[in-house]
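Encoded as structure tokens, the structure appears first; notes follow it.
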There are 2 protein chains.
Amino acid sequence: MKSTIITIGDEILIGQILDTNSRYISQALNRIGIVVAERTSIGDNATQITETLDRALAATDVVIITGGLGPTKDDITKHTLAKYFHSELVYNEKVGEDVKSLLALRGIAFNELNRGQAMVPRCCTVLYNNHGTAPGMWFEQGNKVVVSLPGVPFEMEHLISDSVIPMLRERFDLKSIVHKTMITSGIAESILAERIADWEDNLPDMLHLAYLPAPNIVRLRLSAYEVDGQSVEKIIDGQFEALRKIIHEAFVGFENASVEEIVHQLLIERGESLSIAESCTGGNIAAKFTAMAGASAYLHAGVVSYSNESKRDILGVNMDDIVRYGAVSEQVALQMAEGAKRVGASHYAISTTGIAGPTGGSAEKPVGTVWIGIATPTRTFAVLKNCGTDRGQIIQRATAYAIKLLLNELQCE
Amino acid sequence: MKSTIITIGDEILIGQILDTNSRYISQALNRIGIVVAERTSIGDNATQITETLDRALAATDVVIITGGLGPTKDDITKHTLAKYFHSELVYNEKVGEDVKSLLALRGIAFNELNRGQAMVPRCCTVLYNNHGTAPGMWFEQGNKVVVSLPGVPFEMEHLISDSVIPMLRERFDLKSIVHKTMITSGIAESILAERIADWEDNLPDMLHLAYLPAPNIVRLRLSAYEVDGQSVEKIIDGQFEALRKIIHEAFVGFENASVEEIVHQLLIERGESLSIAESCTGGNIAAKFTAMAGASAYLHAGVVSYSNESKRDILGVNMDDIVRYGAVSEQVALQMAEGAKRVGASHYAISTTGIAGPTGGSAEKPVGTVWIGIATPTRTFAVLKNCGTDRGQIIQRATAYAIKLLLNELQCE
């Protein structure tokens, strides 16, 4: 069973927004065994919508469309679909009442534009939207399904998980898609590929290997499409077991677990705690951890000590050392880590101090220079890392590297 | 001049990664006047690559492809393009030397797979990649251009801005694309559309209006494609001036400036400072500010006070009040804001304390309950906000709302 995802909106094509909807829908479809063959983003343009839909229905069985369902004139998806399926728009009482009560909650009067939102093509099954004013729509043509959903991510996500996914499972007899990813660290992609070449050549035909390189990490993903899930999962597990013996010291973990997720799990399992003192990463490390449910079990305190005074006043860094060695120095990184560990009364602490740029660099300490400090129950150390030249990249790399350093310590102890 | 962006990689189609490359390229092309007609993501599949390229070249003049250029077997873009353009692969000395020195810096030996990366189709113009081992390639067919770039975002971005954009400007005689966006706040989309209907109906034909709703904000974008840039910018400015008179109290600012960018600008212009105390938003607010170059001018300190002890020890929150009213309470939000302002010695402070879930909620304080505190030079206040039911959404909404509250204060004073 193959599918196409179509996201509609000029704001996507001009790069004004990032298309996160496609990813969410891809993951949801993969989980129930529907292969995403193609994802396409097009403008709010009736001809383009019609042509893309023609092509998607010729090549695949399920088409999921998002966007273009708002109350205003620039949104034309619903009218275009009504014409495409030769169906007239009719007023849906339940949608109308839903929109009215949603607006009433926010103290907004129901007007002609909102009435328009309750008009739906007669031929579709309405997917009621409990989180917004635009309903979803489910169309069938022969043995194929077209679903149209609002583009607001939160509304789309609820409609996908509460309505579309259960309905697709009901409607079709689906096989499974299995993905499993092993995370490796410390071996460059080309060297890794060389080392595992024999293993790769002997993989069964149904398994597809992909290399996913990232800073300091190469992920290896084995995928199998439209198979019997349980038996293939066992085959993949066996293959990864063999692989682990080949690359053993480079093995980090499984699945899409990010390094912070592995740290998160380890700290929770052990009942140990963490504090964070950030200068150049500016809260990014803390945000990575607090994005995960359960972080309150171990995250005692985070400090974004951007100014020298906050390094001194909150973390107890010696101002003389800041003056002598500079805020971006091993000494300051060490004192920040120790200060964070002490202030947060935690087992571990991470600190970062660096030059994120674009200004502030010098010949001796160019933009990208970052000192990362790690405090453990038994020692404190700091590592110098050049994290590149671009502000966003420097923040991301320093964040990734700091968390990886902590993971190394957790895995050693 | 129209273009298609094709991103290649199974990891995109299964939703393992978010496709940020398309957005970057869309913005870069728009800036030089090239319209992005379609963006498509496909798998590492030769047939699909060939068919998509056929279609893109039939419909548009410029095709930008990313992905599938790595050294490993799953990457097939280069071989597919060589076949597509009936060209053989030849060893490029300069690419070979570049790869060797890049690997030497990292202490990695040059092997057969790296040698393969220096093989390029004879017919292409090589775009040298200073940040990675896969070169970009520029093909011409008649009056059309196809560019293939590595999928690693940082490498792709450098090749786009350093090579592809200058070469496209040189190669084609380009018109301009003009986008300008006005940000409004406080009026629901349907009410706003009703209020500005006359203005919208009288817009000149070349201008396209788009509504972009987000929590608490509706952006209105006027776009004109392939026009004379300078004269159209003046026409757009005139239209927005008229619009501002219609919606005046709802006007927030112009362009894609996010609320945090406006706050960032205001604080820098005024020489005022900010500190932040975060519980449920966990560093996310600080990270939003520190992502922007120049934040060190005003961001004195951020505290992620996840534990009650850190609220007391770092921010001076009264532990009796935490026990009496709960950590998620108006009293604690107020004391956190005041504590952050005091500890950071800043003009303003933001605090958040809430229940991000999925656990920790109660009937009285369900998941999503967030108290946001704002301290200004003259007063401190706290606002209760229900931020939804999903952890990620709660963190994002509380972050957006807190920064908007601060903006309101900055705009009042």
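Chain labels follow the order of the structure tokens: the first chain is A, the next B, and so on; residue numbering restarts at 1 in every chain, and ligands are counted from 1 in their shown order.
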> Leu127 (chain B): which residues within 9 Å, counting only C-alpha atoms, same-chain residues fewer than 6 positions away excluded, as a VMD selection string?
Replying inline: chain B and resid 135 to 138 149 159 163 to 164
With a cut-off of 6 Å, could you pull out the residues of chain A touching chain B and give me the nearest pair of atoms for each, distance in Å to one decimal, using only C-alpha atoms, ordered by chain and ascending number, as CSV?
residue,atom,partner,partner_atom,distance
A:Leu13,CA,B:Val36,CA,5.8
A:Ile14,CA,B:Ser26,CA,5.4
A:Gly15,CA,B:Arg23,CA,4.5
A:Arg23,CA,B:Gly15,CA,4.5
A:Ser26,CA,B:Gly15,CA,5.1
A:Gln27,CA,B:Gly15,CA,5.0
A:Val36,CA,B:Leu13,CA,5.8
A:Glu38,CA,B:Ile42,CA,5.1
A:Arg39,CA,B:Ser41,CA,5.0
A:Thr40,CA,B:Thr40,CA,4.4
A:Ser41,CA,B:Arg39,CA,5.0
A:Ile42,CA,B:Glu38,CA,5.1
A:Asp74,CA,B:Ala210,CA,5.8
A:Ala210,CA,B:Asp74,CA,5.8
A:Gly282,CA,B:Thr290,CA,5.2
A:Gly283,CA,B:Gly283,CA,4.5
A:Asn284,CA,B:Ala287,CA,5.0
A:Ala286,CA,B:Gly283,CA,5.2
A:Ala287,CA,B:Gly283,CA,4.6
A:Thr290,CA,B:Gly282,CA,5.2
A:His300,CA,B:Ser307,CA,5.1
A:Ala301,CA,B:Ser305,CA,5.0
A:Gly302,CA,B:Val304,CA,4.2
A:Val303,CA,B:Val303,CA,4.3
A:Val304,CA,B:Gly302,CA,4.2
A:Ser305,CA,B:Ala301,CA,5.0
A:Tyr306,CA,B:His300,CA,5.6
A:Ser307,CA,B:His300,CA,5.1
A:Ser310,CA,B:Ala301,CA,5.9
> Could you name the residues that touch Gln239 (chain B) at 12 Å or less, counting only C-alpha atoms, but leaving out those on the same chain fewer than 6 positions away, as a count of residues only?
Replying inline: 21
>> For the structure I just gave you, how does DSSP split region 303-394 of chain A - specifically, which residues are helix (DSSP H, G or I)? Reply as a PyMOL selection string.
In response: chain A and resi 308-315+319-325+330-344+391-394
Could you give me, as a compact mmCIF listing (two decimals) with N, CA and C atoms, in the first residue's frame, the residues within 12 Å of Gly96 (chain B), counting only C-alpha atoms and dropping anything in the same chain fewer than 2 positions from it?
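See out.txt below for the written result:
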# COMPACT_ATOMS: atom_id res chain seq x y z
N VAL B 90 34.31 10.43 -14.18
CA VAL B 90 35.77 10.56 -14.28
C VAL B 90 36.32 11.06 -12.95
N TYR B 91 37.58 10.70 -12.67
CA TYR B 91 38.21 11.10 -11.41
C TYR B 91 38.61 12.57 -11.50
N ASN B 92 38.18 13.38 -10.52
CA ASN B 92 38.53 14.79 -10.48
C ASN B 92 39.64 15.00 -9.46
N GLU B 93 40.84 15.38 -9.97
CA GLU B 93 42.03 15.50 -9.11
C GLU B 93 41.79 16.45 -7.94
N LYS B 94 41.23 17.61 -8.25
CA LYS B 94 41.08 18.62 -7.19
C LYS B 94 40.14 18.12 -6.09
N ASP B 98 41.11 17.60 -2.21
CA ASP B 98 40.30 18.24 -1.16
C ASP B 98 39.83 17.21 -0.14
N VAL B 99 39.33 16.07 -0.63
CA VAL B 99 38.84 15.03 0.27
C VAL B 99 39.99 14.52 1.14
N LYS B 100 41.16 14.29 0.50
CA LYS B 100 42.32 13.80 1.25
C LYS B 100 42.68 14.74 2.39
N SER B 101 42.75 16.05 2.10
CA SER B 101 43.19 16.96 3.17
C SER B 101 42.12 17.11 4.24
N LEU B 102 40.85 17.07 3.83
CA LEU B 102 39.77 17.15 4.82
C LEU B 102 39.83 15.96 5.77
N LEU B 103 40.05 14.76 5.22
CA LEU B 103 40.12 13.55 6.05
C LEU B 103 41.38 13.57 6.91
N PHE B 110 42.37 7.96 3.59
CA PHE B 110 41.64 8.03 2.31
C PHE B 110 41.47 6.61 1.78
N ASN B 111 40.27 6.17 1.54
CA ASN B 111 40.09 4.80 1.04
C ASN B 111 39.31 4.77 -0.27
N GLU B 112 38.99 3.58 -0.72
CA GLU B 112 38.35 3.39 -2.02
C GLU B 112 37.01 4.14 -2.10
N LEU B 113 36.28 4.15 -0.99
CA LEU B 113 34.99 4.84 -0.99
C LEU B 113 35.18 6.34 -1.16
N ASN B 114 36.23 6.90 -0.52
CA ASN B 114 36.49 8.32 -0.68
C ASN B 114 36.92 8.64 -2.11
N ARG B 115 37.69 7.70 -2.70
CA ARG B 115 38.08 7.86 -4.10
C ARG B 115 36.83 7.96 -4.98
N GLY B 116 35.83 7.16 -4.65
CA GLY B 116 34.57 7.19 -5.39
C GLY B 116 33.91 8.57 -5.30
N GLN B 117 34.11 9.25 -4.16
CA GLN B 117 33.48 10.57 -4.01
C GLN B 117 34.11 11.60 -4.96
N ALA B 118 35.35 11.34 -5.41
CA ALA B 118 36.03 12.27 -6.32
C ALA B 118 35.70 11.97 -7.78
N MET B 119 34.88 10.94 -8.03
CA MET B 119 34.44 10.64 -9.40
C MET B 119 33.21 11.51 -9.71
N VAL B 120 33.24 12.23 -10.82
CA VAL B 120 32.11 13.09 -11.18
C VAL B 120 31.77 12.91 -12.66
N TYR B 128 32.96 22.93 -5.88
CA TYR B 128 33.84 22.40 -4.83
C TYR B 128 33.25 22.65 -3.45
N ASN B 129 33.28 21.62 -2.63
CA ASN B 129 32.68 21.65 -1.29
C ASN B 129 33.80 21.77 -0.26
N GLY B 132 32.91 19.39 3.23
CA GLY B 132 32.56 17.97 3.27
C GLY B 132 33.18 17.25 2.09
N THR B 133 32.94 15.95 2.01
CA THR B 133 33.65 15.14 1.01
C THR B 133 32.88 14.96 -0.30
N ALA B 134 31.62 15.38 -0.36
CA ALA B 134 30.85 15.21 -1.60
C ALA B 134 30.76 16.53 -2.35
N PRO B 135 31.28 16.61 -3.60
CA PRO B 135 31.17 17.86 -4.35
C PRO B 135 29.76 18.08 -4.88
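For region 401-407 of chain A, the set of protein, DNA and RNA residues having any atom at most 7 Å away, when counting only C-alpha atoms and skipping those fewer than 3 positions along the same chain, is Val259, Glu260, Val263, Ile350, Ile372, Ile374, Arg397, Ala398, Leu410 and Gln411 of chain A.
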Produce a file of the selected residues containing C-alpha atoms, as a compact mmCIF listing (two decimals), in the first residue's frame.
# COMPACT_ATOMS: atom_id res chain seq x y z
CA VAL A 259 22.10 11.05 22.59
CA GLU A 260 20.04 13.16 25.03
CA VAL A 263 21.32 10.20 28.84
CA ILE A 350 27.58 20.22 32.17
CA ILE A 372 32.85 22.32 27.63
CA ILE A 374 31.81 18.09 32.78
CA ARG A 397 27.36 21.30 17.78
CA ALA A 398 28.42 22.48 21.23
CA LEU A 410 27.75 7.78 32.27
CA GLN A 411 28.76 4.79 30.17
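Among the candidates A:Arg219, A:Lys2, A:Lys385, A:Arg171, the one nearest to Ile355 (chain A) when counting only C-alpha atoms is A:Lys385.
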> CA of Asn45 (chain A) and CA of Arg195 (chain B), how far apart in Å?
Replying inline: 25.0 Å
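In this comparison, which uses only C-alpha atoms, the residue of A:Met319, A:Asp205, A:Ser185, A:Ser148 approaching Ile217 (chain A) most closely is A:Ser185.
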> Could you state the separation of CA of Ala104 (chain B) and CA of His158 (chain B) in Å, given to one decimal place?
Replying inline: 21.3 Å
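One finds CA of Asn318 (chain B) at 12.8 Å from CA of Glu330 (chain B).
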